[in-house]
file coords_10.txt (compact mmCIF, C-alpha atoms and all ligand atoms)
# COMPACT_ATOMS: atom_id res chain seq x y z
CA MET A 1 -5.42 11.27 -18.23
CA LEU A 2 -5.71 10.78 -14.51
CA VAL A 3 -3.59 13.80 -13.72
CA ALA A 4 -6.21 16.03 -15.28
CA THR A 5 -8.98 14.57 -13.16
CA LEU A 6 -7.30 14.92 -9.78
CA SER A 7 -8.02 18.55 -9.03
CA LYS A 8 -9.00 21.62 -10.92
CA ARG A 9 -6.30 23.51 -9.11
CA LEU A 10 -3.67 20.91 -9.77
CA LEU A 11 -0.58 22.26 -11.46
CA ARG A 12 0.59 21.03 -14.82
CA VAL A 13 4.28 20.17 -15.08
CA GLY A 14 5.39 23.53 -16.49
CA GLN A 15 3.43 25.56 -13.92
CA ALA A 16 4.56 23.32 -11.11
CA LYS A 17 8.19 23.66 -12.03
CA ARG A 18 7.87 27.45 -12.12
CA CYS A 19 6.53 27.29 -8.56
CA GLY A 20 9.37 24.99 -7.54
CA LEU A 21 6.98 22.03 -7.30
CA SER A 22 6.81 18.97 -9.47
CA LEU A 23 4.18 16.87 -11.14
CA ARG A 24 5.43 13.79 -12.83
CA SER A 25 5.13 10.07 -13.17
CA PHE A 26 7.74 7.39 -12.69
CA SER A 27 8.11 4.69 -15.27
CA ASP A 28 9.46 1.18 -15.60
CA ALA A 29 11.55 -0.06 -18.48
CA LYS A 30 8.42 -0.40 -20.64
CA ASP A 31 7.68 3.24 -19.99
CA LYS A 32 4.37 2.46 -18.39
CA ASP A 33 3.24 4.78 -15.63
CA LEU A 34 3.06 2.45 -12.63
CA VAL A 35 2.76 5.35 -10.23
CA LEU A 36 1.62 8.92 -10.85
CA THR A 37 2.69 11.77 -8.63
CA SER A 38 0.99 15.13 -8.49
CA ILE A 39 1.31 18.15 -6.25
CA ASP A 40 -1.49 20.58 -5.53
CA GLY A 41 0.02 24.02 -6.04
CA ASP A 42 -2.43 25.66 -3.62
CA THR A 43 -2.10 23.31 -0.69
CA GLY A 44 1.32 21.71 -1.29
CA VAL A 45 -0.21 18.27 -0.77
CA ALA A 46 1.39 15.52 -2.87
CA THR A 47 -0.68 12.62 -4.17
CA ILE A 48 0.95 9.37 -5.21
CA THR A 49 -1.48 7.31 -7.25
CA MET A 50 -0.83 3.62 -7.86
CA ASN A 51 -1.66 2.86 -11.46
CA GLN A 52 -0.79 -0.78 -12.18
CA ALA A 53 -3.87 -2.40 -13.76
CA PRO A 54 -5.63 -4.67 -13.11
CA VAL A 55 -5.13 -4.68 -9.32
CA ASN A 56 -2.02 -2.63 -8.35
CA SER A 57 -0.26 -5.80 -7.24
CA LEU A 58 3.22 -5.15 -5.87
CA SER A 59 5.74 -6.47 -8.38
CA LEU A 60 9.44 -5.62 -8.01
CA GLU A 61 9.02 -2.72 -10.43
CA MET A 62 5.89 -1.47 -8.66
CA CYS A 63 7.64 -1.51 -5.25
CA GLN A 64 10.58 0.38 -6.76
CA ALA A 65 8.28 2.92 -8.41
CA ILE A 66 6.48 3.60 -5.11
CA THR A 67 9.78 4.09 -3.29
CA THR A 68 11.09 6.39 -6.03
CA ALA A 69 7.92 8.46 -5.85
CA ILE A 70 8.04 8.79 -2.05
CA LYS A 71 11.71 9.79 -2.14
CA GLU A 72 11.05 12.33 -4.88
CA VAL A 73 8.26 13.94 -2.84
CA GLU A 74 10.33 13.86 0.37
CA SER A 75 13.20 15.62 -1.38
CA GLN A 76 11.00 18.72 -1.75
CA PRO A 77 11.28 20.47 1.64
CA GLU A 78 8.16 22.59 1.11
CA ILE A 79 5.96 19.47 0.99
CA GLN A 80 4.68 18.22 4.34
CA SER A 81 1.98 15.73 3.46
CA LEU A 82 1.20 12.99 1.05
CA VAL A 83 -1.90 11.05 -0.01
CA LEU A 84 -1.49 7.47 -1.23
CA ALA A 85 -4.29 6.53 -3.65
CA SER A 86 -5.20 4.19 -6.49
CA SER A 87 -6.36 5.02 -10.00
CA LEU A 88 -8.25 1.72 -10.24
CA PRO A 89 -11.94 1.57 -9.46
CA GLY A 90 -12.55 -0.93 -6.68
CA VAL A 91 -8.96 -1.87 -5.81
CA PHE A 92 -6.49 0.03 -3.62
CA CYS A 93 -3.77 -2.64 -3.85
CA ALA A 94 -4.13 -6.44 -4.13
CA GLY A 95 -0.97 -7.07 -2.11
CA LEU A 96 2.19 -8.73 -3.32
CA ASP A 97 2.22 -9.78 -6.95
CA ILE A 98 1.80 -13.51 -6.45
CA THR A 99 3.54 -14.25 -9.74
CA GLU A 100 6.75 -12.92 -8.13
CA LEU A 101 6.51 -15.79 -5.64
CA HIS A 102 5.80 -18.50 -8.22
CA LYS A 103 8.79 -20.53 -9.45
CA PRO A 104 11.00 -17.54 -8.67
CA ASP A 105 14.49 -16.68 -9.81
CA GLU A 106 16.54 -16.41 -6.59
CA LYS A 107 18.20 -13.08 -7.41
CA ARG A 108 14.93 -11.47 -8.44
CA LEU A 109 13.17 -12.87 -5.34
CA THR A 110 15.87 -11.34 -3.12
CA ASP A 111 15.53 -7.98 -4.87
CA PHE A 112 11.76 -8.22 -4.74
CA TRP A 113 11.59 -8.72 -0.95
CA HIS A 114 14.26 -6.05 -0.43
CA SER A 115 12.12 -3.58 -2.41
CA PHE A 116 9.03 -4.53 -0.39
CA GLN A 117 10.92 -3.98 2.88
CA GLN A 118 12.07 -0.66 1.43
CA ILE A 119 8.47 0.57 1.08
CA TYR A 120 8.00 -0.18 4.77
CA PHE A 121 11.05 1.94 5.63
CA ASP A 122 10.07 4.75 3.28
CA LEU A 123 6.36 4.97 4.04
CA TYR A 124 6.14 3.88 7.69
CA GLY A 125 9.18 5.99 8.51
CA SER A 126 8.40 8.92 6.22
CA ARG A 127 9.01 12.47 7.46
CA LEU A 128 5.77 13.34 5.64
CA ALA A 129 2.29 13.10 7.09
CA THR A 130 0.76 10.27 5.07
CA ILE A 131 -2.91 9.66 4.38
CA ALA A 132 -4.24 6.50 2.70
CA ALA A 133 -7.20 7.02 0.36
CA ILE A 134 -8.57 3.46 0.29
CA ALA A 135 -11.26 3.44 -2.37
CA GLY A 136 -11.19 -0.34 -2.86
CA HIS A 137 -9.85 -3.70 -1.72
CA ALA A 138 -6.66 -3.69 0.38
CA PRO A 139 -5.68 -7.28 1.25
CA ALA A 140 -2.32 -8.37 2.74
CA ALA A 141 0.49 -6.12 1.48
CA GLY A 142 -2.22 -3.72 0.27
CA CYS A 143 -3.25 -3.44 3.93
CA MET A 144 0.44 -2.93 4.80
CA LEU A 145 0.55 0.15 2.56
CA ALA A 146 -2.47 1.54 4.40
CA LEU A 147 -1.05 0.62 7.82
CA SER A 148 2.16 2.44 6.93
CA CYS A 149 0.26 5.71 6.56
CA ASP A 150 -0.64 7.98 9.48
CA TYR A 151 -4.38 8.13 8.74
CA ARG A 152 -6.69 5.86 6.75
CA ILE A 153 -9.83 6.92 4.92
CA MET A 154 -11.81 4.07 3.34
CA VAL A 155 -14.77 3.87 1.01
CA SER A 156 -17.94 3.13 2.96
CA GLY A 157 -19.59 -0.26 2.42
CA ALA A 158 -23.10 1.10 3.02
CA GLY A 159 -25.48 0.09 0.24
CA SER A 160 -22.78 -1.80 -1.67
CA LYS A 161 -23.52 -5.39 -2.78
CA LYS A 162 -19.80 -6.18 -2.83
CA PRO A 163 -18.07 -3.93 -0.29
CA SER A 164 -14.32 -3.47 -0.39
CA THR A 165 -12.31 -5.34 2.21
CA ILE A 166 -9.08 -4.77 4.11
CA GLY A 167 -6.96 -7.02 6.32
CA LEU A 168 -4.16 -9.56 6.46
CA ASN A 169 -5.48 -12.70 4.78
CA GLU A 170 -2.16 -14.55 4.46
CA THR A 171 -3.11 -17.56 6.62
CA LYS A 172 -6.11 -18.22 4.36
CA LEU A 173 -3.58 -18.76 1.57
CA GLY A 174 -1.44 -20.99 3.81
CA ILE A 175 1.32 -18.42 4.14
CA VAL A 176 2.33 -16.12 6.99
CA ALA A 177 2.67 -12.35 7.15
CA PRO A 178 6.23 -11.24 7.95
CA SER A 179 6.72 -10.38 11.62
CA TRP A 180 7.16 -6.63 10.98
CA LEU A 181 3.81 -6.52 9.20
CA GLY A 182 2.24 -8.54 12.00
CA TYR A 183 3.53 -6.01 14.54
CA GLN A 184 2.17 -3.13 12.47
CA TYR A 185 -1.22 -4.81 12.74
CA ILE A 186 -0.90 -5.40 16.49
CA ASP A 187 0.28 -1.82 17.08
CA THR A 188 -2.69 -0.47 15.14
CA ILE A 189 -5.66 -2.58 16.24
CA GLY A 190 -4.42 -4.16 19.48
CA GLN A 191 -3.35 -7.66 20.39
CA ARG A 192 -6.73 -9.41 20.53
CA GLN A 193 -8.15 -8.12 17.25
CA ALA A 194 -4.81 -8.69 15.55
CA GLU A 195 -4.60 -12.27 16.85
CA LEU A 196 -8.07 -12.98 15.52
CA GLY A 197 -7.41 -11.23 12.23
CA LEU A 198 -4.02 -12.86 11.63
CA SER A 199 -5.00 -16.37 12.71
CA LEU A 200 -8.22 -16.46 10.72
CA GLY A 201 -6.89 -14.42 7.78
CA LEU A 202 -9.81 -12.02 8.12
CA LEU A 203 -10.65 -9.48 5.46
CA HIS A 204 -12.82 -6.83 7.06
CA GLN A 205 -15.62 -4.92 5.40
CA PRO A 206 -15.32 -1.15 5.91
CA GLU A 207 -17.74 -0.78 8.85
CA GLN A 208 -16.00 -3.61 10.71
CA ALA A 209 -12.57 -2.15 9.87
CA LEU A 210 -13.70 1.16 11.36
CA ALA A 211 -15.05 -0.56 14.48
CA ILE A 212 -11.71 -2.24 15.25
CA GLY A 213 -9.64 0.87 14.44
CA LEU A 214 -8.07 -0.53 11.27
CA VAL A 215 -9.28 2.54 9.38
CA ASP A 216 -10.07 5.96 10.79
CA GLU A 217 -12.96 7.16 8.66
CA LEU A 218 -15.46 5.97 6.05
CA VAL A 219 -16.79 8.19 3.28
CA PRO A 220 -18.74 7.65 0.04
CA ARG A 221 -16.61 6.50 -2.89
CA GLU A 222 -16.66 9.83 -4.72
CA GLU A 223 -15.35 11.63 -1.62
CA VAL A 224 -12.42 9.37 -0.69
CA LEU A 225 -9.69 11.27 -2.55
CA SER A 226 -10.88 14.80 -1.77
CA ARG A 227 -11.42 13.93 1.90
CA ALA A 228 -7.91 12.40 2.08
CA GLN A 229 -6.41 15.50 0.50
CA ALA A 230 -8.27 17.74 2.96
CA GLU A 231 -7.00 15.62 5.86
CA ALA A 232 -3.47 15.88 4.42
CA VAL A 233 -3.76 19.69 4.55
CA LYS A 234 -4.70 19.47 8.24
CA TRP A 235 -1.78 17.16 9.08
CA GLY A 236 0.60 19.27 7.02
CA LYS A 237 -0.09 22.28 9.27
CA ILE A 238 1.14 20.55 12.43
CA PRO A 239 4.72 21.66 13.22
CA ALA A 240 6.75 19.15 11.23
CA LYS A 241 9.49 18.37 13.77
CA ALA A 242 7.03 17.72 16.59
CA ARG A 243 4.81 15.64 14.32
CA LEU A 244 7.72 13.50 13.12
CA ALA A 245 9.13 13.03 16.63
CA SER A 246 5.70 11.83 17.78
CA LYS A 247 5.45 9.41 14.88
CA MET A 248 8.87 8.02 15.70
CA LEU A 249 7.93 7.48 19.35
CA ALA A 250 5.60 4.78 18.12
CA ARG A 251 7.52 3.50 15.11
CA LYS A 252 11.29 3.89 15.53
CA ALA A 253 11.91 0.69 17.47
CA ARG A 254 10.04 -1.35 14.84
CA LEU A 255 11.91 0.31 11.98
CA ASP A 256 15.26 -0.14 13.70
CA HIS A 257 14.52 -3.80 14.34
CA LEU A 258 13.87 -4.54 10.68
CA ALA A 259 16.92 -2.50 9.67
CA ALA A 260 19.04 -4.67 11.98
CA THR A 261 17.52 -7.96 10.77
CA ARG A 262 16.83 -7.06 7.15
CA LYS A 263 19.06 -9.73 5.61
CA GLU A 264 17.82 -12.48 7.94
CA ASP A 265 14.25 -11.47 7.12
CA ASN A 266 15.04 -11.74 3.41
CA ASP A 267 16.78 -15.12 3.87
CA PHE A 268 13.80 -16.44 5.83
CA PHE A 269 11.34 -15.18 3.22
CA ARG A 270 13.27 -16.85 0.38
CA SER A 271 13.57 -20.17 2.13
CA PHE A 272 9.87 -20.04 3.05
CA VAL A 273 8.66 -19.20 -0.45
CA THR A 274 10.95 -21.56 -2.37
CA ASN A 275 9.95 -24.51 -0.19
CA GLU A 276 8.07 -27.18 -2.18
CA THR A 277 4.95 -26.96 -0.01
CA ALA A 278 4.76 -23.18 -0.33
CA GLN A 279 5.21 -23.47 -4.10
CA LYS A 280 2.24 -25.87 -4.30
CA ILE A 281 0.12 -23.43 -2.32
CA ILE A 282 1.16 -20.48 -4.48
CA ASP A 283 0.53 -22.48 -7.65
CA GLY A 284 -2.96 -23.43 -6.42
CA TYR A 285 -3.75 -19.85 -5.41
CA LEU A 286 -2.73 -18.49 -8.80
CA GLN A 287 -4.94 -21.06 -10.47
CA SER A 288 -7.88 -20.16 -8.23
CA LEU A 289 -7.47 -16.47 -9.11
CA SER A 290 -7.53 -17.19 -12.84
CA LYS A 291 -10.40 -19.74 -12.51
CA LYS A 292 -12.42 -17.02 -10.80
CA LYS A 293 -12.17 -15.10 -14.07
CA SER A 294 -13.21 -18.00 -16.33
C1 LIG B 1 8.06 -14.89 5.99
C2 LIG B 1 7.13 -14.28 5.07
C3 LIG B 1 6.75 -15.20 4.01
C4 LIG B 1 5.83 -14.92 3.11
C5 LIG B 1 5.15 -13.64 3.12
C6 LIG B 1 4.14 -13.59 2.04
C7 LIG B 1 3.37 -12.31 2.18
C8 LIG B 1 2.36 -12.09 1.41
C9 LIG B 1 1.60 -10.84 1.44
C10 LIG B 1 0.70 -10.70 0.24
O1 LIG B 1 0.43 -9.60 -0.12
S1 LIG B 1 0.14 -12.10 -0.56
C11 LIG B 1 -1.05 -11.49 -1.71
C12 LIG B 1 -2.38 -11.48 -1.10
N1 LIG B 1 -3.36 -10.92 -2.01
C13 LIG B 1 -4.51 -11.49 -2.24
O2 LIG B 1 -4.84 -12.55 -1.72
C14 LIG B 1 -5.42 -10.78 -3.20
C15 LIG B 1 -5.80 -11.64 -4.36
N2 LIG B 1 -6.69 -10.91 -5.25
C16 LIG B 1 -8.00 -10.73 -4.98
O3 LIG B 1 -8.52 -11.14 -3.99
C17 LIG B 1 -8.78 -9.99 -6.01
O4 LIG B 1 -8.03 -9.97 -7.20
C18 LIG B 1 -9.15 -8.53 -5.62
C19 LIG B 1 -10.20 -8.56 -4.51
C20 LIG B 1 -7.93 -7.75 -5.16
C21 LIG B 1 -9.76 -7.82 -6.85
O5 LIG B 1 -10.82 -8.59 -7.37
P1 LIG B 1 -11.31 -8.32 -8.85
O6 LIG B 1 -11.42 -6.87 -9.11
O7 LIG B 1 -12.51 -9.19 -9.04
O8 LIG B 1 -10.09 -8.79 -9.77
P2 LIG B 1 -9.70 -10.31 -10.15
O9 LIG B 1 -9.69 -11.19 -8.97
O10 LIG B 1 -10.53 -10.74 -11.32
O11 LIG B 1 -8.18 -10.12 -10.60
C22 LIG B 1 -7.86 -9.47 -11.83
C23 LIG B 1 -6.54 -10.04 -12.31
O12 LIG B 1 -5.53 -9.72 -11.36
C24 LIG B 1 -4.87 -10.92 -10.95
N3 LIG B 1 -4.48 -10.76 -9.53
C25 LIG B 1 -5.26 -10.47 -8.52
N4 LIG B 1 -4.56 -10.37 -7.39
C26 LIG B 1 -3.28 -10.62 -7.71
C27 LIG B 1 -2.07 -10.66 -6.97
N5 LIG B 1 -2.01 -10.39 -5.65
N6 LIG B 1 -0.95 -10.94 -7.63
C28 LIG B 1 -0.95 -11.18 -8.95
N7 LIG B 1 -2.08 -11.16 -9.71
C29 LIG B 1 -3.22 -10.88 -9.09
C30 LIG B 1 -5.90 -12.01 -11.16
O13 LIG B 1 -5.29 -13.26 -11.29
C31 LIG B 1 -6.55 -11.54 -12.43
O14 LIG B 1 -5.65 -11.87 -13.49
P3 LIG B 1 -6.20 -12.34 -14.90
O15 LIG B 1 -4.99 -12.57 -15.74
O16 LIG B 1 -6.99 -13.59 -14.63
O17 LIG B 1 -7.07 -11.20 -15.39
call {"tool": "encode", "arguments": {"input": "coords_10.txt", "output": "structure tokens"}}
result
Amino acid sequence: MLVATLSKRLLRVGQAKRCGLSLRSFSDAKDKDLVLTSIDGDTGVATITMNQAPVNSLSLEMCQAITTAIKEVESQPEIQSLVLASSLPGVFCAGLDITELHKPDEKRLTDFWHSFQQIYFDLYGSRLATIAAIAGHAPAAGCMLALSCDYRIMVSGAGSKKPSTIGLNETKLGIVAPSWLGYQYIDTIGQRQAELGLSLGLLHQPEQALAIGLVDELVPREEVLSRAQAEAVKWGKIPAKARLASKMLARKARLDHLAATRKEDNDFFRSFVTNETAQKIIDGYLQSLSKKKS
């Protein structure tokens, strides 16, 4: 069980509850743990671990589980910082679940995009200090999860035959990142690098991601989680009100803009995705992913 491997000092549910802290997982209707949440009783750092094999793709249920987990952690006033991690070796998050975009049901597609926007509000605008522990690939919406955190620690590519990559690769698939994700990219790595990355759909290897400021630190694979948790302790010690006010200096206008245009953004997404040309592209991409396997 993953929970047992996270930290020797990690609290089990009973102990955690006695200390007023919680350790639990959130489940979908099939009672599968899409997301695991744990709280270190010594440091008060929460870790939300995405656990949707094979690639942590963001389905409607996965988006909802992430939001539920963030809200649950935020509701505990003694917790100041959060690590976002993956239980899967080699993948942080493969982005949106492409099957959600393929021959979609309109109501589900609307709910799906709404739940994806909601992660942006909850993570990018979180009162918590948030650290991404990126121990694997983080394309597209996987990169968005990382960008929504305050600090990004990625597995180093040194000596790896197939290094992990991170970036916004949407144009390579013939689709476009939503504007709010594009602005997150621009705000993080600057206009020129973002223009290059967005236009060419670049997926960066770790050393390149570090060089352009897309991630903040590289560490060996086995150290990603512990290093992220140590960084979360440091961020959690900064006076919370001042830290949050500083975060909002940079992010509030972006968050407010999406809040004001949320429905239009959803309408645009649905009309884009349900268009015949987009459906052909999505169909072809799904086939290419499954051909890769065979
Ligand atoms: C106005 C706005 C309009 C539109 C906005 C649209 C925004 C889109 C943002 C997105 O996030 S689009 C998604 C972009 N994601 C990707 O391009 C990633 C695709 N996946 C990969 O590149 C690789 O899977 C990986 C590098 C993440 C991992 O590679 P590996 O470990 O070798 O796994 P496999 O490729 O063999 O995949 C295993 C399994 O998982 C399925 N899968 C992979 N990615 C997705 C996905 N994003 N959604 C759904 N399913 C995915 C893949 O098909 C395999 O399935 P099998 O059934 O064949 O086992």
call {"tool": "atom_distance", "arguments": {"input": "coords_10.txt", "atom1": "atom C24 of ligand LIG 1 (chain B)", "atom2": "CA of Ser57 (chain A)"}}
result
7.8 Å
call {"tool": "residues_around", "arguments": {"input": "coords_10.txt", "residues": "Glu222 (chain A)", "least_positions_apart": "4", "cutoff": "9 Å", "atoms": "all atoms listed in the file", "output": "VMD selection string"}}
result
chain A and resid 135 155 226
call {"tool": "atom_distance", "arguments": {"input": "coords_10.txt", "atom1": "CA of Phe272 (chain A)", "atom2": "atom C5 of ligand LIG 1 (chain B)"}}
result
8.0 Å
call {"tool": "atom_distance", "arguments": {"input": "coords_10.txt", "atom1": "atom C24 of ligand LIG 1 (chain B)", "atom2": "CA of Lys71 (chain A)"}}
result
28.0 Å
call {"tool": "closest_residue", "arguments": {"input": "coords_10.txt", "among": "A:Leu218, A:Ala46, A:Ala158, A:Leu58", "to": "Ile98 (chain A)", "atoms": "only C-alpha atoms"}}
result
A:Leu58
call {"tool": "closest_residue", "arguments": {"input": "coords_10.txt", "among": "A:Lys237, A:Arg152, A:Arg127, A:Lys172", "to": "ligand LIG 1 (chain B)", "atoms": "only C-alpha atoms and all ligand atoms"}}
result
A:Lys172
call {"tool": "closest_residue", "arguments": {"input": "coords_10.txt", "among": "A:Ala53, A:Ala209, A:Ala194, A:Leu289", "to": "ligand LIG 1 (chain B)", "atoms": "only C-alpha atoms and all ligand atoms"}}
result
A:Leu289
call {"tool": "closest_residue", "arguments": {"input": "coords_10.txt", "among": "A:Lys161, A:Arg254, A:Arg270, A:Lys280", "to": "Gln184 (chain A)", "atoms": "all atoms listed in the file"}}
result
A:Arg254
call {"tool": "residues_around", "arguments": {"input": "coords_10.txt", "residues": "region 106-121 of chain A", "least_positions_apart": "5", "cutoff": "10 Å", "atoms": "all atoms listed in the file", "output": "NGL selection string"}}
result
:A and (58-68 or 70 or 96-97 or 100-101 or 126 or 141 or 144-145 or 147-149 or 180-181 or 254-256 or 258-259 or 262-263 or 265-267 or 269-271 or 273-274)
call {"tool": "closest_residue", "arguments": {"input": "coords_10.txt", "among": "A:Leu203, A:Phe92, A:Gln287, A:Ala242", "to": "Thr49 (chain A)", "atoms": "only C-alpha atoms"}}
result
A:Phe92
call {"tool": "closest_residue", "arguments": {"input": "coords_10.txt", "among": "A:Arg221, A:Lys234, A:Lys103, A:His137", "to": "ligand LIG 1 (chain B)", "atoms": "only C-alpha atoms and all ligand atoms"}}
result
A:His137
call {"tool": "residues_around", "arguments": {"input": "coords_10.txt", "residues": "Val233 (chain A)", "least_positions_apart": "4", "cutoff": "10 Å", "atoms": "only C-alpha atoms", "output": "list in words"}}
result
Thr43, Gly44, Val45, Ala46, Gln80, Ser81, Leu82, Val83, Ala129, Arg227, Ala228, Gln229, Lys237 and Ile238 of chain A
call {"tool": "write_last_selection", "arguments": {"input": "coords_10.txt", "atoms": "C-alpha atoms", "output": "CSV table (one decimal), keeping the file's coordinate frame"}}
result
chain,number,residue,atom,x,y,z
A,43,THR,CA,-2.1,23.3,-0.7
A,44,GLY,CA,1.3,21.7,-1.3
A,45,VAL,CA,-0.2,18.3,-0.8
A,46,ALA,CA,1.4,15.5,-2.9
A,80,GLN,CA,4.7,18.2,4.3
A,81,SER,CA,2.0,15.7,3.5
A,82,LEU,CA,1.2,13.0,1.0
A,83,VAL,CA,-1.9,11.0,0.0
A,129,ALA,CA,2.3,13.1,7.1
A,227,ARG,CA,-11.4,13.9,1.9
A,228,ALA,CA,-7.9,12.4,2.1
A,229,GLN,CA,-6.4,15.5,0.5
A,237,LYS,CA,-0.1,22.3,9.3
A,238,ILE,CA,1.1,20.6,12.4
call {"tool": "axis_aligned_box", "arguments": {"input": "coords_10.txt", "around": "ligand LIG 1 (chain B)", "padding_each_side": "8 Å", "output": "AutoDock Vina command-line options"}}
result
--center_x -2.2 --center_y -11.0 --center_z -4.9 --size_x 36.6 --size_y 24.3 --size_z 37.7
call {"tool": "residues_around", "arguments": {"input": "coords_10.txt", "residues": "Ser87 (chain A)", "least_positions_apart": "3", "cutoff": "10 Å", "atoms": "only C-alpha atoms", "output": "PDB file with C-alpha atoms, in the coordinates of the input"}}
result
ATOM      1  CA  LEU A   2      -5.710  10.780 -14.510  1.00  0.00           C
ATOM      2  CA  VAL A   3      -3.590  13.800 -13.720  1.00  0.00           C
ATOM      3  CA  LEU A   6      -7.300  14.920  -9.780  1.00  0.00           C
ATOM      4  CA  VAL A  35       2.760   5.350 -10.230  1.00  0.00           C
ATOM      5  CA  LEU A  36       1.620   8.920 -10.850  1.00  0.00           C
ATOM      6  CA  ILE A  48       0.950   9.370  -5.210  1.00  0.00           C
ATOM      7  CA  THR A  49      -1.480   7.310  -7.250  1.00  0.00           C
ATOM      8  CA  MET A  50      -0.830   3.620  -7.860  1.00  0.00           C
ATOM      9  CA  ASN A  51      -1.660   2.860 -11.460  1.00  0.00           C
ATOM     10  CA  GLN A  52      -0.790  -0.780 -12.180  1.00  0.00           C
ATOM     11  CA  ALA A  53      -3.870  -2.400 -13.760  1.00  0.00           C
ATOM     12  CA  VAL A  55      -5.130  -4.680  -9.320  1.00  0.00           C
ATOM     13  CA  ASN A  56      -2.020  -2.630  -8.350  1.00  0.00           C
ATOM     14  CA  GLY A  90     -12.550  -0.930  -6.680  1.00  0.00           C
ATOM     15  CA  VAL A  91      -8.960  -1.870  -5.810  1.00  0.00           C
ATOM     16  CA  PHE A  92      -6.490   0.030  -3.620  1.00  0.00           C
ATOM     17  CA  ALA A 135     -11.260   3.440  -2.370  1.00  0.00           C
TER      18      ALA A 135
END
call {"tool": "residues_around", "arguments": {"input": "coords_10.txt", "residues": "Leu198 (chain A)", "least_positions_apart": "4", "cutoff": "10 Å", "atoms": "all atoms listed in the file", "output": "list in words"}}
result
Gly167, Leu168, Asn169, Glu170, Thr171, Lys172, Val176, Ala177, Gly182, Tyr185, Ile186, Arg192, Gln193, Ala194, Leu202 and Leu203 of chain A
call {"tool": "residues_near_point", "arguments": {"input": "coords_10.txt", "point": "(-11.7, 10.0, 6.3)", "cutoff": "10 Å", "atoms": "all atoms listed in the file", "output": "list in words"}}
result
Ile131, Ala132, Ala133, Ile134, Tyr151, Arg152, Ile153, Met154, Val155, Ser156, Val215, Asp216, Glu217, Leu218, Val219, Pro220, Glu223, Val224, Leu225, Ser226, Arg227, Ala228, Gln229, Ala230 and Glu231 of chain A
call {"tool": "build_atoms", "arguments": {"input": "coords_10.txt", "residues": "region 226-240 of chain A", "atoms": "N, CA and C atoms", "output": "PDB file, in the frame of the given file"}}
result
ATOM      1  N   SER A 226     -10.836  13.396  -2.215  1.00  0.00           N
ATOM      2  CA  SER A 226     -10.880  14.800  -1.770  1.00  0.00           C
ATOM      3  C   SER A 226     -10.814  14.884  -0.241  1.00  0.00           C
ATOM      4  N   ARG A 227     -11.457  13.933   0.430  1.00  0.00           N
ATOM      5  CA  ARG A 227     -11.420  13.930   1.900  1.00  0.00           C
ATOM      6  C   ARG A 227      -9.980  13.637   2.391  1.00  0.00           C
ATOM      7  N   ALA A 228      -9.303  12.722   1.696  1.00  0.00           N
ATOM      8  CA  ALA A 228      -7.910  12.400   2.080  1.00  0.00           C
ATOM      9  C   ALA A 228      -7.022  13.623   1.859  1.00  0.00           C
ATOM     10  N   GLN A 229      -7.250  14.329   0.765  1.00  0.00           N
ATOM     11  CA  GLN A 229      -6.410  15.500   0.500  1.00  0.00           C
ATOM     12  C   GLN A 229      -6.686  16.613   1.514  1.00  0.00           C
ATOM     13  N   ALA A 230      -7.952  16.741   1.931  1.00  0.00           N
ATOM     14  CA  ALA A 230      -8.270  17.740   2.960  1.00  0.00           C
ATOM     15  C   ALA A 230      -7.611  17.359   4.292  1.00  0.00           C
ATOM     16  N   GLU A 231      -7.635  16.082   4.613  1.00  0.00           N
ATOM     17  CA  GLU A 231      -7.000  15.620   5.860  1.00  0.00           C
ATOM     18  C   GLU A 231      -5.481  15.861   5.797  1.00  0.00           C
ATOM     19  N   ALA A 232      -4.919  15.664   4.602  1.00  0.00           N
ATOM     20  CA  ALA A 232      -3.470  15.880   4.420  1.00  0.00           C
ATOM     21  C   ALA A 232      -3.113  17.347   4.671  1.00  0.00           C
ATOM     22  N   VAL A 233      -4.008  18.257   4.288  1.00  0.00           N
ATOM     23  CA  VAL A 233      -3.760  19.690   4.550  1.00  0.00           C
ATOM     24  C   VAL A 233      -3.694  19.915   6.054  1.00  0.00           C
ATOM     25  N   LYS A 234      -4.657  19.306   6.784  1.00  0.00           N
ATOM     26  CA  LYS A 234      -4.700  19.470   8.240  1.00  0.00           C
ATOM     27  C   LYS A 234      -3.399  18.953   8.885  1.00  0.00           C
ATOM     28  N   TRP A 235      -2.990  17.756   8.507  1.00  0.00           N
ATOM     29  CA  TRP A 235      -1.780  17.160   9.080  1.00  0.00           C
ATOM     30  C   TRP A 235      -0.532  17.970   8.706  1.00  0.00           C
ATOM     31  N   GLY A 236      -0.561  18.516   7.499  1.00  0.00           N
ATOM     32  CA  GLY A 236       0.600  19.270   7.020  1.00  0.00           C
ATOM     33  C   GLY A 236       0.812  20.576   7.791  1.00  0.00           C
ATOM     34  N   LYS A 237      -0.218  21.015   8.514  1.00  0.00           N
ATOM     35  CA  LYS A 237      -0.090  22.280   9.270  1.00  0.00           C
ATOM     36  C   LYS A 237       0.482  22.066  10.672  1.00  0.00           C
ATOM     37  N   ILE A 238       0.553  20.827  11.110  1.00  0.00           N
ATOM     38  CA  ILE A 238       1.140  20.550  12.430  1.00  0.00           C
ATOM     39  C   ILE A 238       2.659  20.781  12.317  1.00  0.00           C
ATOM     40  N   PRO A 239       3.262  21.440  13.303  1.00  0.00           N
ATOM     41  CA  PRO A 239       4.720  21.660  13.220  1.00  0.00           C
ATOM     42  C   PRO A 239       5.465  20.351  12.907  1.00  0.00           C
ATOM     43  N   ALA A 240       6.230  20.387  11.821  1.00  0.00           N
ATOM     44  CA  ALA A 240       6.750  19.150  11.230  1.00  0.00           C
ATOM     45  C   ALA A 240       7.664  18.362  12.181  1.00  0.00           C
TER      46      ALA A 240
END
